[in-house]
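Colleague: File my_file13.txt follows (compact mmCIF, C-alpha atoms (C1' of nucleotides)):
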# COMPACT_ATOMS: atom_id res chain seq x y z
CA MET A 171 53.55 62.69 112.42
CA ASN A 172 54.23 60.68 115.55
CA HIS A 173 57.51 59.73 113.97
CA ASN A 174 58.57 63.32 113.98
CA ARG A 175 59.39 63.26 117.63
CA PHE A 176 61.86 60.44 117.03
CA LEU A 177 63.32 62.10 113.94
CA GLU A 178 63.86 65.28 115.95
CA TYR A 179 65.40 63.29 118.77
CA ILE A 180 68.10 61.78 116.56
CA LYS A 181 69.13 65.03 114.85
CA PRO A 182 71.85 65.93 117.37
CA TYR A 183 73.44 62.52 116.74
CA ILE A 184 73.21 61.83 113.00
CA SER A 185 71.59 63.34 109.91
CA LEU A 186 69.47 61.17 107.66
CA THR A 187 68.35 61.88 104.11
CA SER A 188 64.61 62.09 103.65
CA GLU A 189 64.75 58.71 101.87
CA GLU A 190 66.45 57.21 104.89
CA GLU A 191 63.87 58.80 107.16
CA LYS A 192 61.07 57.32 105.07
CA PHE A 193 62.65 53.89 105.04
CA LEU A 194 63.15 54.04 108.79
CA MET A 195 59.51 54.90 109.30
CA THR A 196 58.43 51.81 107.36
CA LYS A 197 60.33 49.67 109.85
CA VAL A 198 58.76 50.92 113.06
CA VAL A 199 55.38 50.50 114.67
CA VAL A 200 53.56 53.08 116.75
CA ARG A 201 51.74 51.50 119.63
CA ASN A 202 49.56 52.71 122.46
CA TYR A 203 49.50 51.26 125.95
CA LEU A 204 47.13 52.09 128.76
CA LYS A 205 48.16 53.03 132.28
CA ASN A 206 49.23 49.94 134.25
CA GLN A 207 49.79 47.80 131.12
CA TYR A 208 53.07 45.94 130.83
CA ILE A 209 55.36 46.64 127.88
CA VAL A 210 57.89 44.04 129.03
CA GLN A 211 57.43 41.26 131.60
CA GLN A 212 60.20 39.70 133.66
CA GLY A 213 60.78 36.23 132.18
CA ASP A 214 59.55 37.07 128.68
CA VAL A 215 61.88 38.08 125.87
CA CYS A 216 61.91 41.81 125.20
CA LYS A 217 61.05 41.80 121.52
CA SER A 218 61.37 45.48 120.74
CA ALA A 219 63.33 48.62 121.54
CA ASN A 220 60.71 51.13 122.65
CA PHE A 221 61.02 54.89 122.22
CA ILE A 222 58.52 56.96 124.20
CA ILE A 223 56.52 59.56 122.27
CA SER A 224 54.27 60.39 125.20
CA GLY A 225 53.59 58.97 128.62
CA CYS A 226 55.72 57.52 131.38
CA THR A 227 56.97 54.08 132.42
CA LYS A 228 58.82 52.42 135.25
CA THR A 229 61.39 49.69 134.73
CA PHE A 230 61.55 47.49 137.80
CA TYR A 231 62.74 44.22 139.22
CA ILE A 232 60.95 41.92 141.66
CA ASP A 233 63.53 40.29 143.90
CA LEU A 234 63.39 36.86 145.53
CA GLU A 235 61.61 38.27 148.58
CA GLY A 236 58.96 39.79 146.34
CA ASN A 237 60.14 43.36 146.79
CA GLU A 238 59.96 45.79 143.90
CA HIS A 239 63.04 47.80 142.90
CA VAL A 240 62.70 50.61 140.37
CA VAL A 241 65.66 50.70 137.98
CA MET A 242 64.57 53.71 135.96
CA PHE A 243 61.72 55.93 134.90
CA SER A 244 61.24 56.75 131.24
CA VAL A 245 59.35 59.70 129.79
CA GLU A 246 59.09 61.40 126.39
CA ASP A 247 62.25 61.08 124.27
CA TRP A 248 63.64 58.19 126.25
CA TRP A 249 63.69 54.42 125.97
CA ALA A 250 61.67 51.82 127.80
CA SER A 251 63.03 48.34 127.18
CA ASP A 252 64.93 45.61 128.96
CA LEU A 253 68.04 46.22 126.89
CA GLY A 254 69.80 43.14 128.25
CA SER A 255 66.96 40.93 127.11
CA PHE A 256 66.60 42.76 123.81
CA ILE A 257 70.23 42.46 122.71
CA THR A 258 70.56 38.82 123.72
CA GLN A 259 66.92 37.86 123.03
CA ALA A 260 66.97 36.00 126.38
CA PRO A 261 64.30 36.27 129.11
CA ALA A 262 64.00 39.70 130.69
CA ASP A 263 65.20 40.44 134.23
CA PHE A 264 63.02 43.53 134.39
CA ASN A 265 59.42 44.58 133.95
CA VAL A 266 58.45 47.73 132.11
CA GLN A 267 55.01 49.02 133.08
CA CYS A 268 53.12 52.16 132.12
CA LEU A 269 52.54 54.74 134.84
CA GLU A 270 50.38 56.72 132.41
CA ASN A 271 48.82 56.01 129.04
CA THR A 272 51.87 55.75 126.84
CA GLN A 273 52.58 55.96 123.13
CA LEU A 274 55.68 54.23 121.82
CA ILE A 275 57.66 53.79 118.64
CA GLN A 276 58.75 50.16 118.54
CA PHE A 277 61.77 48.72 116.76
CA SER A 278 61.50 44.96 116.56
CA TYR A 279 64.77 43.07 116.94
CA GLU A 280 64.69 41.91 113.31
CA ASN A 281 63.78 45.29 111.89
CA LEU A 282 66.47 47.04 113.87
CA GLU A 283 69.07 44.56 112.64
CA GLU A 284 67.91 45.27 109.10
CA LEU A 285 68.00 49.00 109.71
CA TYR A 286 71.60 48.73 110.92
CA VAL A 287 72.49 47.09 107.61
CA GLN A 288 70.50 49.45 105.40
CA ILE A 289 71.42 52.63 107.28
CA PRO A 290 74.80 52.08 108.96
CA LYS A 291 74.61 55.55 110.49
CA LEU A 292 72.11 54.06 112.92
CA GLU A 293 74.92 52.04 114.48
CA ARG A 294 76.50 55.37 115.33
CA LEU A 295 73.22 56.71 116.68
CA PHE A 296 72.68 53.83 119.04
CA ARG A 297 76.34 53.72 120.01
CA LYS A 298 76.13 57.30 121.14
CA ILE A 299 72.82 56.89 122.93
CA ILE A 300 74.07 53.90 124.86
CA GLU A 301 77.41 55.51 125.66
CA ARG A 302 75.51 58.25 127.43
CA ALA A 303 73.23 55.82 129.20
CA PHE A 304 76.24 53.84 130.42
CA VAL A 305 77.96 56.92 131.75
CA ALA A 306 74.81 57.94 133.62
CA SER A 307 74.53 54.44 135.07
CA GLN A 308 78.14 54.47 136.33
CA LYS A 309 77.61 57.85 137.94
CA ARG A 310 74.52 56.56 139.67
CA ILE A 311 76.49 53.66 141.17
CA ILE A 312 79.00 56.11 142.58
CA ARG A 313 76.32 58.41 143.94
CA ASN A 314 74.65 55.47 145.66
CA PHE A 315 77.92 54.74 147.45
CA SER A 316 79.19 58.22 148.19
CA LEU A 317 76.01 60.10 149.06
CA ASP A 318 73.34 59.52 151.68
CA ALA A 319 69.67 59.19 150.80
CA LYS A 320 68.85 62.86 151.31
CA GLU A 321 71.62 64.02 149.00
CA ARG A 322 70.60 61.43 146.40
CA TYR A 323 67.05 62.68 146.52
CA LEU A 324 68.07 66.32 146.05
CA ILE A 325 70.10 65.38 142.98
CA PHE A 326 67.21 63.34 141.60
CA LYS A 327 64.81 66.21 142.19
CA ASN A 328 67.11 68.67 140.46
CA THR A 329 67.92 66.38 137.55
CA TYR A 330 64.37 65.16 136.93
CA PRO A 331 62.02 67.77 138.45
CA LYS A 332 59.19 66.67 136.17
CA ILE A 333 59.47 63.03 137.15
CA ASP A 334 59.55 63.94 140.84
CA LYS A 335 56.12 65.53 140.49
CA ARG A 336 54.76 63.02 138.01
CA VAL A 337 55.14 59.62 139.65
CA PRO A 338 54.00 58.21 143.01
CA GLN A 339 56.42 58.98 145.82
CA TYR A 340 56.84 55.37 146.92
CA LEU A 341 58.29 54.61 143.49
CA ILE A 342 60.81 57.42 143.85
CA ALA A 343 61.78 55.95 147.21
CA SER A 344 62.35 52.63 145.47
CA TYR A 345 64.42 54.30 142.75
CA LEU A 346 66.53 55.94 145.46
CA GLY A 347 66.98 52.59 147.18
CA ILE A 348 65.12 53.46 150.40
CA THR A 349 61.75 52.65 151.94
CA LYS A 350 58.77 54.92 151.47
CA GLU A 351 58.71 55.52 155.24
CA PHE A 352 62.28 56.78 155.36
CA PHE A 353 61.69 58.82 152.22
CA SER A 354 58.75 60.46 153.95
CA LYS A 355 60.99 61.34 156.89
CA ILE A 356 63.62 62.88 154.61
CA LYS A 357 61.07 65.03 152.85
CA SER A 358 59.61 66.36 156.08
CA GLN A 359 63.14 67.26 157.22
CA LEU A 360 63.72 69.13 153.97
CA VAL A 361 60.42 71.04 154.30
CA GLN A 362 61.26 72.13 157.87
CA LYS A 363 64.59 73.60 156.77
CA GLU A 364 62.98 75.97 154.25
CA MET B 185 101.87 41.02 117.95
CA ASN B 186 100.47 42.89 120.89
CA HIS B 187 97.66 43.92 118.62
CA ASN B 188 96.64 40.33 118.21
CA ARG B 189 94.94 40.24 121.56
CA PHE B 190 92.68 43.08 120.48
CA LEU B 191 92.04 41.55 117.06
CA GLU B 192 91.05 38.29 118.75
CA TYR B 193 88.85 40.16 121.19
CA ILE B 194 86.77 41.78 118.46
CA LYS B 195 86.20 38.61 116.42
CA PRO B 196 82.96 37.61 118.17
CA TYR B 197 81.53 41.03 117.31
CA ILE B 198 82.67 41.88 113.77
CA SER B 199 85.00 40.49 111.10
CA LEU B 200 87.60 42.72 109.52
CA THR B 201 89.56 42.16 106.32
CA SER B 202 93.31 41.99 106.77
CA GLU B 203 93.59 45.43 105.16
CA GLU B 204 91.18 46.81 107.72
CA GLU B 205 93.14 45.14 110.50
CA LYS B 206 96.35 46.69 109.22
CA PHE B 207 94.79 50.12 108.94
CA LEU B 208 93.40 49.83 112.42
CA MET B 209 96.82 48.96 113.78
CA THR B 210 98.31 52.12 112.29
CA LYS B 211 95.84 54.15 114.31
CA VAL B 212 96.58 52.77 117.76
CA VAL B 213 99.47 53.13 120.16
CA VAL B 214 100.75 50.46 122.50
CA ARG B 215 101.79 51.92 125.81
CA ASN B 216 103.23 50.58 129.03
CA TYR B 217 102.43 51.89 132.47
CA LEU B 218 104.05 50.95 135.75
CA LYS B 219 102.19 49.87 138.85
CA ASN B 220 100.65 52.88 140.62
CA GLN B 221 100.86 55.13 137.56
CA TYR B 222 97.73 57.04 136.54
CA ILE B 223 96.24 56.46 133.11
CA VAL B 224 93.48 59.02 133.72
CA GLN B 225 93.29 61.67 136.44
CA GLN B 226 90.08 63.16 137.82
CA GLY B 227 89.87 66.70 136.39
CA ASP B 228 91.91 65.98 133.25
CA VAL B 229 90.34 65.10 129.93
CA CYS B 230 90.49 61.39 129.12
CA LYS B 231 92.25 61.55 125.77
CA SER B 232 92.16 57.90 124.78
CA ALA B 233 90.08 54.75 124.95
CA ASN B 234 92.36 52.17 126.56
CA PHE B 235 92.20 48.43 125.93
CA ILE B 236 94.17 46.28 128.37
CA ILE B 237 96.59 43.76 126.88
CA SER B 238 98.05 42.81 130.24
CA GLY B 239 97.85 44.09 133.78
CA CYS B 240 95.11 45.44 135.96
CA THR B 241 93.65 48.84 136.81
CA LYS B 242 91.15 50.39 139.17
CA THR B 243 88.75 53.15 138.16
CA PHE B 244 87.83 55.21 141.18
CA TYR B 245 86.32 58.43 142.41
CA ILE B 246 87.45 60.61 145.30
CA ASP B 247 84.39 62.18 146.93
CA LEU B 248 84.12 65.53 148.68
CA GLU B 249 85.11 63.98 152.03
CA GLY B 250 88.23 62.54 150.40
CA ASN B 251 87.00 58.96 150.42
CA GLU B 252 87.90 56.65 147.56
CA HIS B 253 85.15 54.69 145.78
CA VAL B 254 86.12 51.98 143.28
CA VAL B 255 83.83 52.01 140.23
CA MET B 256 85.40 49.07 138.43
CA PHE B 257 88.42 46.89 138.00
CA SER B 258 89.78 46.22 134.53
CA VAL B 259 92.00 43.33 133.46
CA GLU B 260 93.10 41.77 130.18
CA ASP B 261 90.54 42.20 127.37
CA TRP B 262 88.70 44.97 129.06
CA TRP B 263 88.69 48.76 128.93
CA ALA B 264 90.18 51.29 131.29
CA SER B 265 88.98 54.79 130.51
CA ASP B 266 86.68 57.44 131.87
CA LEU B 267 84.17 56.93 129.09
CA GLY B 268 82.10 59.94 130.12
CA SER B 269 85.13 62.19 129.78
CA PHE B 270 86.30 60.50 126.59
CA ILE B 271 83.05 60.84 124.67
CA THR B 272 82.45 64.44 125.72
CA GLN B 273 86.15 65.44 125.97
CA ALA B 274 85.26 67.14 129.25
CA PRO B 275 87.19 66.79 132.55
CA ALA B 276 87.13 63.27 134.01
CA ASP B 277 85.12 62.40 137.12
CA PHE B 278 87.20 59.31 137.69
CA ASN B 279 90.81 58.26 138.09
CA VAL B 280 92.23 55.19 136.41
CA GLN B 281 95.33 53.85 138.14
CA CYS B 282 97.41 50.76 137.52
CA LEU B 283 97.34 48.07 140.21
CA GLU B 284 100.04 46.18 138.29
CA ASN B 285 102.39 47.01 135.44
CA THR B 286 99.94 47.38 132.59
CA GLN B 287 100.17 47.31 128.81
CA LEU B 288 97.46 49.11 126.86
CA ILE B 289 96.31 49.69 123.33
CA GLN B 290 95.26 53.30 123.11
CA PHE B 291 92.75 54.82 120.69
CA SER B 292 93.02 58.59 120.73
CA TYR B 293 89.75 60.45 120.37
CA GLU B 294 90.69 61.78 116.91
CA ASN B 295 91.96 58.45 115.62
CA LEU B 296 88.89 56.64 116.82
CA GLU B 297 86.63 59.16 115.10
CA GLU B 298 88.63 58.59 111.93
CA LEU B 299 88.42 54.82 112.36
CA TYR B 300 84.64 55.03 112.67
CA VAL B 301 84.56 56.83 109.30
CA GLN B 302 87.06 54.55 107.55
CA ILE B 303 85.74 51.31 109.02
CA PRO B 304 82.04 51.80 109.85
CA LYS B 305 81.88 48.26 111.23
CA LEU B 306 83.70 49.64 114.27
CA GLU B 307 80.57 51.59 115.17
CA ARG B 308 78.86 48.23 115.47
CA LEU B 309 81.73 46.83 117.53
CA PHE B 310 81.66 49.63 120.05
CA ARG B 311 77.87 49.72 120.11
CA LYS B 312 77.82 46.07 121.11
CA ILE B 313 80.58 46.42 123.68
CA ILE B 314 78.87 49.33 125.37
CA GLU B 315 75.45 47.69 125.25
CA ARG B 316 76.88 44.87 127.33
CA ALA B 317 78.63 47.23 129.69
CA PHE B 318 75.43 49.18 130.21
CA VAL B 319 73.44 46.05 130.96
CA ALA B 320 76.04 44.94 133.51
CA SER B 321 75.95 48.37 135.12
CA GLN B 322 72.14 48.31 135.46
CA LYS B 323 72.28 44.88 137.02
CA ARG B 324 74.85 46.08 139.50
CA ILE B 325 72.58 48.93 140.58
CA ILE B 326 69.80 46.45 141.25
CA ARG B 327 72.10 44.09 143.13
CA ASN B 328 73.28 46.94 145.31
CA PHE B 329 69.68 47.64 146.30
CA SER B 330 68.30 44.14 146.57
CA LEU B 331 71.17 42.19 148.12
CA ASP B 332 73.13 42.64 151.32
CA ALA B 333 76.90 43.01 151.36
CA LYS B 334 77.60 39.31 151.92
CA GLU B 335 75.48 38.26 148.96
CA ARG B 336 77.07 40.94 146.79
CA TYR B 337 80.51 39.68 147.70
CA LEU B 338 79.65 36.07 146.87
CA ILE B 339 78.41 37.13 143.43
CA PHE B 340 81.53 39.21 142.88
CA LYS B 341 83.75 36.32 143.92
CA ASN B 342 81.95 33.93 141.57
CA THR B 343 81.85 36.34 138.66
CA TYR B 344 85.44 37.58 138.95
CA PRO B 345 87.37 34.91 140.88
CA LYS B 346 90.67 36.11 139.41
CA ILE B 347 90.12 39.70 140.43
CA ASP B 348 89.15 38.63 143.95
CA LYS B 349 92.58 37.05 144.37
CA ARG B 350 94.50 39.66 142.41
CA VAL B 351 93.68 42.99 144.02
CA PRO B 352 93.96 44.27 147.60
CA GLN B 353 90.95 43.39 149.72
CA TYR B 354 90.27 46.94 150.84
CA LEU B 355 89.67 47.86 147.19
CA ILE B 356 87.16 45.05 146.83
CA ALA B 357 85.40 46.38 149.92
CA SER B 358 85.25 49.77 148.23
CA TYR B 359 83.90 48.21 145.01
CA LEU B 360 81.21 46.47 147.07
CA GLY B 361 80.36 49.76 148.78
CA ILE B 362 81.37 48.76 152.30
CA THR B 363 84.25 49.49 154.67
CA LYS B 364 87.29 47.22 154.82
CA GLU B 365 86.46 46.46 158.46
CA PHE B 366 82.99 45.21 157.68
CA PHE B 367 84.32 43.30 154.68
CA SER B 368 86.78 41.59 156.99
CA LYS B 369 83.90 40.58 159.28
CA ILE B 370 81.90 39.15 156.37
CA LYS B 371 84.84 37.08 155.17
CA SER B 372 85.49 35.60 158.61
CA GLN B 373 81.79 34.66 158.82
CA LEU B 374 82.04 32.93 155.46
CA VAL B 375 85.16 31.03 156.48
CA GLN B 376 83.52 29.76 159.70
CA LYS B 377 80.58 28.34 157.78
CA GLU B 378 82.77 26.08 155.62
C1' DA C 112 28.03 59.98 148.37
C1' DA C 113 29.77 55.77 150.39
C1' DA C 114 33.07 52.49 150.29
C1' DT C 115 37.29 50.55 148.62
C1' DT C 116 41.81 50.79 147.28
C1' DA C 117 46.07 53.16 146.60
C1' DT C 118 49.23 56.39 148.45
C1' DG C 119 51.44 58.93 152.13
C1' DT C 120 52.83 60.00 157.13
C1' DT C 121 54.51 59.40 161.91
C1' DA C 122 56.74 57.12 165.59
C1' DA C 123 58.94 53.19 168.22
C1' DT C 124 62.01 49.55 167.81
C1' DC C 125 65.54 47.16 165.51
C1' DT C 126 69.76 45.95 162.45
C1' DA C 127 73.23 46.14 158.74
C1' DG C 128 76.93 48.48 158.22
C1' DT C 129 80.11 52.66 159.98
C1' DT C 130 83.42 54.68 162.98
C1' DT C 131 87.15 54.66 165.92
C1' DA C 132 90.96 52.65 167.71
C1' DA C 133 94.30 49.20 168.84
C1' DC C 134 96.65 45.48 166.99
C1' DT C 135 98.76 41.92 163.47
C1' DT C 136 100.59 40.52 159.22
C1' DT C 137 102.54 41.28 154.82
C1' DT C 138 105.17 43.81 151.50
C1' DA C 139 108.62 47.34 150.16
C1' DT C 140 112.59 50.09 151.14
C1' DT C 141 117.09 51.13 153.07
C1' DA D 247 118.27 41.99 158.41
C1' DA D 248 116.01 46.03 160.06
C1' DT D 249 112.67 49.39 159.41
C1' DA D 250 108.96 51.52 157.59
C1' DA D 251 104.82 51.47 155.06
C1' DA D 252 100.81 49.15 153.33
C1' DA D 253 97.24 45.88 154.00
C1' DG D 254 94.27 43.20 156.96
C1' DT D 255 91.82 41.94 161.48
C1' DT D 256 89.06 42.43 165.73
C1' DA D 257 85.95 44.54 168.86
C1' DA D 258 83.08 48.29 171.12
C1' DA D 259 80.23 52.13 170.41
C1' DC D 260 77.40 54.34 167.17
C1' DT D 261 74.04 55.75 163.14
C1' DA D 262 71.53 55.68 158.73
C1' DG D 263 68.06 53.46 157.26
C1' DA D 264 64.70 49.19 157.77
C1' DT D 265 60.75 47.21 159.93
C1' DT D 266 56.44 47.17 162.02
C1' DA D 267 52.26 49.07 162.97
C1' DA D 268 48.74 52.49 163.36
C1' DC D 269 46.79 56.20 161.20
C1' DA D 270 45.67 59.97 157.40
C1' DT D 271 44.64 61.42 152.98
C1' DA D 272 43.89 61.03 148.14
C1' DA D 273 41.89 58.74 144.20
C1' DT D 274 38.81 55.18 142.16
C1' DT D 275 34.99 52.35 141.93
C1' DT D 276 30.29 51.09 143.04
Please, can you express the file's structure as structure tokens?
Modeller:
Amino acid sequence: MNHNRFLEYIKPYISLTSEEEKFLMTKVVVRNYLKNQYIVQQGDVCKSANFIISGCTKTFYIDLEGNEHVVMFSVEDWWASDLGSFITQAPADFNVQCLENTQLIQFSYENLEELYVQIPKLERLFRKIIERAFVASQKRIIRNFSLDAKERYLIFKNTYPKIDKRVPQYLIASYLGITKEFFSKIKSQLVQKE
Amino acid sequence: MNHNRFLEYIKPYISLTSEEEKFLMTKVVVRNYLKNQYIVQQGDVCKSANFIISGCTKTFYIDLEGNEHVVMFSVEDWWASDLGSFITQAPADFNVQCLENTQLIQFSYENLEELYVQIPKLERLFRKIIERAFVASQKRIIRNFSLDAKERYLIFKNTYPKIDKRVPQYLIASYLGITKEFFSKIKSQLVQKE
DNA sequence: AAATTATGTTAATCTAGTTTAACTTTTATT
DNA sequence: AATAAAAGTTAAACTAGATTAACATAATTT
């Protein structure tokens, strides 16, 4: 029944027969992680594509100075993997860590390759998912260049109101590319205006 | 013969029979643009996926203050489209303009959909291409947050030495997210160190 | 309930990068 | 060849955001 969430998720993209759905289910693993556990560690190979059934993760990078930079947050119906590491099976640049207890559906690299062969429609599914992710990523680059931190925060808050309330504020600051101190300043300015 | 460049390009990803190659060729158009011409205009729908045979383009965004922000450069063997507009067939956020006379292979939206049906391997091809593009885009976001402008420029110069020499410097500044004046300062600092 | 530890705020000082403006060099156009 | 337009440089004044540091308020752990 935990698979259902994934099967619902893919319906707007492709339709599978019930046999295909059953076969797919035999090729995935449902796994539970506790808050603060790592799903992927920088330097290790990301062995599975992870779909979130419940919970919340941060994907982040520790730079050479030891500073943490949040690349993305993932919640229900989204993915939490180091895709670069997964597709090349090379060491990960990013960490993925649980911000809450999190339940995942995991596609191992080998099983997903097999699924692509057995159910070619899945190529289409993942093509479409990644197309959208790429477009969002490009737009974020542009926003980072053309908007100041306050504007970026307002867009974030509007786009992901649940995440804004759900994760520690210093991680949102990191996602926005600013320090927690400056983020604090921005928020107090926004409160005063109301 | 202009198709050959594309057929070579896809070989690392998928292998097509010669019938498939021929069919594919009937579904694309080769088109020539002059320097400064627009392939895609912000506000219009991006009607085709464009593969560059020769030439060079910039993909850019004009913000509300009228400032230009370069999202990417594209040269031979790369793509020059507003993918977000193409996949949704909604108005483009970005412009794509030729920096040189440019020859393209164009896949119209309808023809590409048909190609996906007739040659399902193409789903795999485009999945893999976009996976890589997404990974590169994520890494760029992180670099923009964790490195200063000088470091970003050195990485750009190393990664795309040809582009560095091929396009106007003020566009590279825009791609790096800095002003042309500050870019000029950085470069003179780098020259002095040698 | 006390004590840690994690998270959040405020304010002073500092800096990477912007803005403005004047100037130089290169490239296109007549 | 002359002129205009586009691209690139330099320098002074300025600002968004970083840094440092001290403090405040949750949230956990003992």
Colleague: Would you list the contacts of DT131 of chain C as a list in words, taking every protein, DNA or RNA residue within 12 Å and counting all atoms listed in the file, but skipping same-chain residues closer than 6 positions in sequence?
Modeller: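 The neighbour list is Glu365 of chain B; DA257, DA258, DA259 and DC260 of chain D.
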Colleague: If you count all atoms listed in the file, which residues fall within 12 Å of segment 324-329 of chain A, apart from same-chain ones fewer than 2 positions away, as a ChimeraX atom specification?
Modeller: /A:242-243,306,309-310,313-314,317-322,331-337,339,342-343,345-346,353,356-357,360
Colleague: Per residue of chain C within 9 Å of chain A, which atom pair is closest and at what distance in Å (one decimal), using all atoms listed in the file, listed by chain and increasing number, as a Markdown table?
Modeller:
| residue | atom | partner | partner_atom | distance |
| --- | --- | --- | --- | --- |
| C:DT118 | C1' | A:Pro338 | CA | 7.5 |
| C:DG119 | C1' | A:Ser354 | CA | 7.7 |
| C:DT120 | C1' | A:Ser354 | CA | 6.7 |
| C:DT121 | C1' | A:Lys355 | CA | 8.4 |
Colleague: Residues as selected, C-alpha atoms (C1' of nucleotides), written as a compact mmCIF listing (two decimals), in the coordinates of the input, can you do that?
Modeller:
# COMPACT_ATOMS: atom_id res chain seq x y z
C1' DT C 118 49.23 56.39 148.45
C1' DG C 119 51.44 58.93 152.13
C1' DT C 120 52.83 60.00 157.13
C1' DT C 121 54.51 59.40 161.91
Colleague: Which one is closest to chain A: B:Gln226, B:Ser292, B:Asn251, B:Gln287? Count all atoms listed in the file.
Modeller: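 Answer, going by the shortest atom-to-atom distance: B:Asn251.
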Colleague: Using all atoms listed in the file, what does the table of chain A residues within 10 Å of chain B look like, with each row giving the shortest atom pair and its distance in Å to one decimal, sorted by chain and ascending number, as a Markdown table?
Modeller:
| residue | atom | partner | partner_atom | distance |
| --- | --- | --- | --- | --- |
| A:Phe230 | CA | B:Ile326 | CA | 9.0 |
| A:Tyr231 | CA | B:Ile326 | CA | 7.7 |
| A:Ile232 | CA | B:Ser330 | CA | 9.1 |
| A:Asp233 | CA | B:Ser330 | CA | 6.7 |
| A:Leu234 | CA | B:Ser330 | CA | 8.8 |
| A:Glu235 | CA | B:Ser330 | CA | 9.1 |
| A:Asn237 | CA | B:Ser330 | CA | 8.2 |
| A:Glu238 | CA | B:Ser330 | CA | 8.9 |
| A:His239 | CA | B:Ile326 | CA | 7.1 |
| A:Val240 | CA | B:Ile326 | CA | 8.3 |
| A:Val241 | CA | B:Ile326 | CA | 6.8 |
| A:Met242 | CA | B:Gln322 | CA | 9.3 |
| A:Asp252 | CA | B:Val319 | CA | 8.8 |
| A:Leu253 | CA | B:Val319 | CA | 6.8 |
| A:Gly254 | CA | B:Val319 | CA | 5.4 |
| A:Ser255 | CA | B:Val319 | CA | 9.1 |
| A:Ile257 | CA | B:Glu315 | CA | 7.8 |
| A:Thr258 | CA | B:Arg316 | CA | 9.5 |
| A:Asp263 | CA | B:Lys323 | CA | 8.8 |
| A:Phe264 | CA | B:Lys323 | CA | 9.7 |
| A:Tyr286 | CA | B:Arg308 | CA | 8.6 |
| A:Pro290 | CA | B:Pro304 | CA | 7.3 |
| A:Lys291 | CA | B:Pro304 | CA | 8.3 |
| A:Leu292 | CA | B:Glu307 | CA | 9.1 |
| A:Glu293 | CA | B:Arg308 | CA | 5.6 |
| A:Arg294 | CA | B:Glu307 | CA | 5.6 |
| A:Leu295 | CA | B:Arg311 | CA | 9.1 |
| A:Phe296 | CA | B:Arg311 | CA | 6.7 |
| A:Arg297 | CA | B:Arg311 | CA | 4.3 |
| A:Lys298 | CA | B:Arg311 | CA | 7.8 |
| A:Ile299 | CA | B:Arg311 | CA | 9.2 |
| A:Ile300 | CA | B:Glu315 | CA | 6.4 |
| A:Glu301 | CA | B:Ile314 | CA | 6.4 |
| A:Arg302 | CA | B:Gly268 | CA | 7.3 |
| A:Ala303 | CA | B:Phe318 | CA | 7.1 |
| A:Phe304 | CA | B:Phe318 | CA | 4.7 |
| A:Val305 | CA | B:Gly268 | CA | 5.4 |
| A:Ala306 | CA | B:Gly268 | CA | 8.3 |
| A:Ser307 | CA | B:Ser321 | CA | 6.2 |
| A:Gln308 | CA | B:Ser321 | CA | 6.6 |
| A:Lys309 | CA | B:Asp277 | CA | 8.8 |
| A:Arg310 | CA | B:Ile325 | CA | 7.9 |
| A:Ile311 | CA | B:Ile325 | CA | 6.2 |
| A:Ile312 | CA | B:Val255 | CA | 6.8 |
| A:Arg313 | CA | B:Asp247 | CA | 9.4 |
| A:Asn314 | CA | B:Ile325 | CA | 8.5 |
| A:Phe315 | CA | B:Gly361 | CA | 5.7 |
| A:Ser316 | CA | B:Asp247 | CA | 6.7 |
| A:Leu317 | CA | B:Asp247 | CA | 8.9 |
| A:Ser344 | CA | B:Phe329 | CA | 8.9 |
| A:Tyr345 | CA | B:Phe329 | CA | 9.2 |
| A:Leu346 | CA | B:Phe329 | CA | 8.9 |
| A:Gly347 | CA | B:Phe329 | CA | 5.7 |
| A:Ile348 | CA | B:Phe329 | CA | 8.5 |
Colleague: Skip DC134 of chain C itself and residues of its chain fewer than 4 positions away, then list as a ChimeraX atom specification all residues within 12 Å of it, counting only C-alpha atoms (C1' of nucleotides).
Modeller: /D:254-257
Colleague: Please report the interatomic distance between atom CA of Asp261 of chain B and atom CA of Asp228 of chain B in Å with one decimal.
Modeller: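 Value for the atom CA of Asp261 of chain B-atom CA of Asp228 of chain B distance: 24.5 Å.
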Colleague: Return the single residue from D:DA248, D:DA273, D:DA262, D:DA268 that is closest to chain A, with distances computed using all atoms listed in the file.
Modeller: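 Closest candidate: D:DA262.
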Colleague: Give me, as an NGL selection string, all polymer residues having an atom no more than 9 Å from DA252 of chain D, counting only C-alpha atoms (C1' of nucleotides) and skipping those fewer than 6 positions away in the same chain.
Modeller: :C and (137-139)
Colleague: Counting all atoms listed in the file, figure out which residue out of C:DT116, C:DT129, C:DT140, C:DA123 gets nearest to DT265 of chain D.
Modeller: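 Looking only at the distances to DT265 of chain D, the closest residue turns out to be C:DA123.
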